[in-house]
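Structure, as structure tokens:
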Amino acid sequence: MNRKKRKSTRLKGFDYANPGYYFLTVCTYQREHLFGRIEDGQMKLNGAGETVKHCWLDIPRHFPHAVLHEHVIMPNHIHGIIELVPINGNDGIPPVGVKNFSPLRAGSDPVPFASPTKTIGSIIRGFKIGVTKWFRTETDIYNPWQRNYHDRIIRDEGEYLRISNYIRNNPMNWEGDEFFGPKQNLDN
């Protein structure tokens, strides 16, 4: 079998479980507009967009070492800043991760698993799985996501402020964005 080896976009040698701030962008497969539409510079979420919002806001329940900062859901991607913080234990991060992604029942607490993963990758993987489950039960779309995600390690306060501003203004700048902007609208 001749499989193409995927080139990693991650920073070589960097531990993505390190405490710090991470700017993340997760895109839909072929940049299809699945989460709603932009009207007058404002994002109007559809049912899929509401599910994305719920799964994103639920990340800290599954990954207590993750703190959500600025984020925006767009028609075909989500931008967000996640901060990993040290809390108790040897390495400061609780033992939860890749297998701790299923939606929690109301009133339940996160349960640690035997084989913990505490990286940004495990958080994004869990988030994507939660949204994908909804798509598979509510639509005929089997996989709404592109294969990977984009990340940037935020190095200082100035960079954090620039990225936060970019995220907040993303819906207003939609029309001029040649990479993400208007392509097609598959809004239901």
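Residue names in the structure tokens use chain letters A, B, ... in the order shown, residue numbers from 1 in each chain, and ligand numbers from 1 in the order shown.
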
Compile a residue-level contact table for range 13-65 of chain A against range 135-147 of chain A at a cut-off of 8 Å, reporting for every qualifying residue the shortest atom pair and its distance in Å to one decimal, with only C-alpha atoms counted, rows ordered by chain and ascending number, as a tab-separated table.
residue	atom	partner	partner_atom	distance
A:Val26	CA	A:Trp145	CA	7.6
A:Cys27	CA	A:Gln146	CA	5.8
A:Thr28	CA	A:Trp145	CA	4.2
A:Tyr29	CA	A:Gln146	CA	4.2
A:Gln30	CA	A:Gln146	CA	6.9
A:Arg31	CA	A:Gln146	CA	7.9
A:Leu34	CA	A:Pro144	CA	7.9
A:Ala48	CA	A:Phe135	CA	7.5

Worksheet item: What is the distance, in Å and to one decimal place, between CA of Glu50 in chain A and CA of Ser164 in chain A?
Response: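 Separation of CA of Glu50 in chain A and CA of Ser164 in chain A: 21.4 Å.
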
Fill in: From A:Phe35, A:Thr119, A:Ile73, A:Ile82, residue lying nearest Gly47 in chain A [only C-alpha atoms]
A:Phe35

Fill in: Shell around Arg37 in chain A at 7 Å using only C-alpha atoms, local window under 5 positions removed, as a list in words
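My list of contacting residues is Met43, Lys44, Leu45, Pro75 and Asp187 of chain A.
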
Would you output that residue set with C-alpha atoms, as a PDB file, in the first residue's frame?
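Here's the written file result_27.pdb:
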ATOM      1  CA  MET A  43     -22.648  35.550  12.223  1.00  0.00           C
ATOM      2  CA  LYS A  44     -26.098  33.916  12.218  1.00  0.00           C
ATOM      3  CA  LEU A  45     -25.723  30.332  13.451  1.00  0.00           C
ATOM      4  CA  PRO A  75     -19.785  29.687   8.148  1.00  0.00           C
ATOM      5  CA  ASP A 187     -27.061  27.011   5.019  1.00  0.00           C
TER       6      ASP A 187
END

Worksheet item: Got a sec to tell me which of range 143-178 of chain A DSSP assigns to strand (DSSP E), as a ChimeraX atom specification?
Response: /A:150-154

Hey, can you spit out that residue selection with all heavy atoms as an mmCIF file, in the first residue's frame?
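Result file result34.cif:
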data_model
loop_
_atom_site.group_PDB
_atom_site.id
_atom_site.type_symbol
_atom_site.label_atom_id
_atom_site.label_comp_id
_atom_site.auth_asym_id
_atom_site.auth_seq_id
_atom_site.Cartn_x
_atom_site.Cartn_y
_atom_site.Cartn_z
ATOM 1 N N HIS A 150 -5.247 24.340 12.219
ATOM 2 C CA HIS A 150 -4.127 25.281 12.234
ATOM 3 C C HIS A 150 -3.916 25.759 13.667
ATOM 4 O O HIS A 150 -4.877 25.991 14.393
ATOM 5 C CB HIS A 150 -4.425 26.486 11.338
ATOM 6 C CG HIS A 150 -4.766 26.104 9.939
ATOM 7 N ND1 HIS A 150 -3.819 25.791 8.998
ATOM 8 C CD2 HIS A 150 -5.962 25.963 9.327
ATOM 9 C CE1 HIS A 150 -4.421 25.481 7.864
ATOM 10 N NE2 HIS A 150 -5.716 25.576 8.037
ATOM 11 N N ASP A 151 -2.667 25.905 14.050
ATOM 12 C CA ASP A 151 -2.389 26.410 15.390
ATOM 13 C C ASP A 151 -1.261 27.422 15.351
ATOM 14 O O ASP A 151 -0.442 27.425 14.440
ATOM 15 C CB ASP A 151 -2.023 25.268 16.349
ATOM 16 C CG ASP A 151 -0.665 24.683 16.052
ATOM 17 O OD1 ASP A 151 0.346 25.248 16.510
ATOM 18 O OD2 ASP A 151 -0.602 23.656 15.346
ATOM 19 N N ARG A 152 -1.281 28.283 16.333
ATOM 20 C CA ARG A 152 -0.188 29.221 16.555
ATOM 21 C C ARG A 152 -0.018 29.358 18.055
ATOM 22 O O ARG A 152 -0.986 29.601 18.777
ATOM 23 C CB ARG A 152 -0.496 30.577 15.936
ATOM 24 C CG ARG A 152 0.581 31.603 16.238
ATOM 25 C CD ARG A 152 0.543 32.787 15.317
ATOM 26 N NE ARG A 152 1.602 33.708 15.619
ATOM 27 C CZ ARG A 152 2.873 33.591 15.230
ATOM 28 N NH1 ARG A 152 3.233 32.550 14.507
ATOM 29 N NH2 ARG A 152 3.776 34.479 15.543
ATOM 30 N N ILE A 153 1.195 29.208 18.515
ATOM 31 C CA ILE A 153 1.504 29.400 19.928
ATOM 32 C C ILE A 153 1.646 30.904 20.129
ATOM 33 O O ILE A 153 2.446 31.555 19.461
ATOM 34 C CB ILE A 153 2.801 28.663 20.305
ATOM 35 C CG1 ILE A 153 2.662 27.173 20.001
ATOM 36 C CG2 ILE A 153 3.155 28.905 21.759
ATOM 37 C CD1 ILE A 153 3.960 26.461 19.754
ATOM 38 N N ILE A 154 0.849 31.444 21.021
ATOM 39 C CA ILE A 154 0.873 32.885 21.269
ATOM 40 C C ILE A 154 2.020 33.182 22.230
ATOM 41 O O ILE A 154 2.075 32.631 23.321
ATOM 42 C CB ILE A 154 -0.483 33.367 21.825
ATOM 43 C CG1 ILE A 154 -1.588 33.073 20.803
ATOM 44 C CG2 ILE A 154 -0.425 34.855 22.169
ATOM 45 C CD1 ILE A 154 -2.983 33.387 21.286
#

Discussion item. Here is a test: counting only C-alpha atoms, which residue of A:Lys118, A:Trp134, A:Asp15, A:Ile78 is nearest to Pro64 in chain A?
Written reply: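 So, comparing all the options, the nearest one is A:Lys118.
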
Item to complete: Do a neighbour search on Leu68 in chain A at 9 Å with only C-alpha atoms, toss out local chain neighbours closer than 3 positions, and write the hits as number ranges by chain.
Response: A: 56-57, 59-60, 71, 80-84

Write the residues you've just listed into a file as a JSON list (two decimals), in the first residue's frame, and include N, CA, C and O atoms for each of them.
[["chain", "number", "residue", "atom", "x", "y", "z"],
["A", 56, "TRP", "N", -17.86, 23.66, 21.63],
["A", 56, "TRP", "CA", -16.70, 24.51, 21.96],
["A", 56, "TRP", "C", -16.78, 24.97, 23.42],
["A", 56, "TRP", "O", -15.81, 24.86, 24.17],
["A", 57, "LEU", "N", -17.94, 25.47, 23.81],
["A", 57, "LEU", "CA", -18.09, 25.97, 25.18],
["A", 57, "LEU", "C", -18.01, 24.85, 26.22],
["A", 57, "LEU", "O", -17.74, 25.12, 27.39],
["A", 59, "ILE", "N", -15.79, 22.42, 26.13],
["A", 59, "ILE", "CA", -14.41, 21.92, 26.23],
["A", 59, "ILE", "C", -13.90, 21.89, 27.67],
["A", 59, "ILE", "O", -13.36, 20.87, 28.11],
["A", 60, "PRO", "N", -14.05, 22.96, 28.47],
["A", 60, "PRO", "CA", -13.50, 22.92, 29.83],
["A", 60, "PRO", "C", -14.13, 21.85, 30.74],
["A", 60, "PRO", "O", -13.50, 21.43, 31.71],
["A", 71, "HIS", "N", -13.32, 33.59, 20.86],
["A", 71, "HIS", "CA", -13.58, 32.63, 19.79],
["A", 71, "HIS", "C", -14.69, 33.17, 18.90],
["A", 71, "HIS", "O", -15.44, 34.06, 19.29],
["A", 80, "GLY", "N", -10.37, 30.21, 17.67],
["A", 80, "GLY", "CA", -10.45, 30.34, 19.11],
["A", 80, "GLY", "C", -9.09, 30.35, 19.76],
["A", 80, "GLY", "O", -8.11, 29.85, 19.19],
["A", 81, "ILE", "N", -9.04, 30.92, 20.94],
["A", 81, "ILE", "CA", -7.83, 30.89, 21.76],
["A", 81, "ILE", "C", -8.13, 30.00, 22.95],
["A", 81, "ILE", "O", -9.14, 30.19, 23.64],
["A", 82, "ILE", "N", -7.28, 29.01, 23.15],
["A", 82, "ILE", "CA", -7.37, 28.14, 24.32],
["A", 82, "ILE", "C", -6.10, 28.31, 25.13],
["A", 82, "ILE", "O", -5.00, 28.28, 24.58],
["A", 83, "GLU", "N", -6.29, 28.49, 26.41],
["A", 83, "GLU", "CA", -5.17, 28.57, 27.34],
["A", 83, "GLU", "C", -5.10, 27.26, 28.11],
["A", 83, "GLU", "O", -6.11, 26.81, 28.66],
["A", 84, "LEU", "N", -3.94, 26.63, 28.14],
["A", 84, "LEU", "CA", -3.73, 25.47, 29.00],
["A", 84, "LEU", "C", -3.11, 25.98, 30.29],
["A", 84, "LEU", "O", -2.12, 26.72, 30.27]]

Worksheet entry | A:Gly176, A:Thr132, A:Tyr149, A:Ala66 ranked by distance to Ala17 in chain A, top pick (using only C-alpha atoms) |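 The closest residue to Ala17 in chain A is A:Ala66.
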
Discussion item. For a test of reading the model, state the distance in Å between CA of Val85 in chain A and CA of Arg155 in chain A, rounded to one decimal.
Written reply: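 Calculated distance between CA of Val85 in chain A and CA of Arg155 in chain A is 15.0 Å.
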
Practice prompt. For Tyr166 in chain A, work out the shell of residues within 12 Å, counting only C-alpha atoms and skipping chain neighbours fewer than 2 positions away, then give it as a VMD selection string.
Written response: chain A and resid 23 70 to 72 79 to 81 159 to 164 168 to 174 177

Worksheet, complete the sentence: In Å and to one decimal, CA of Asn76 in chain A is distant from CA of Ile124 in chain A by 16.0 Å
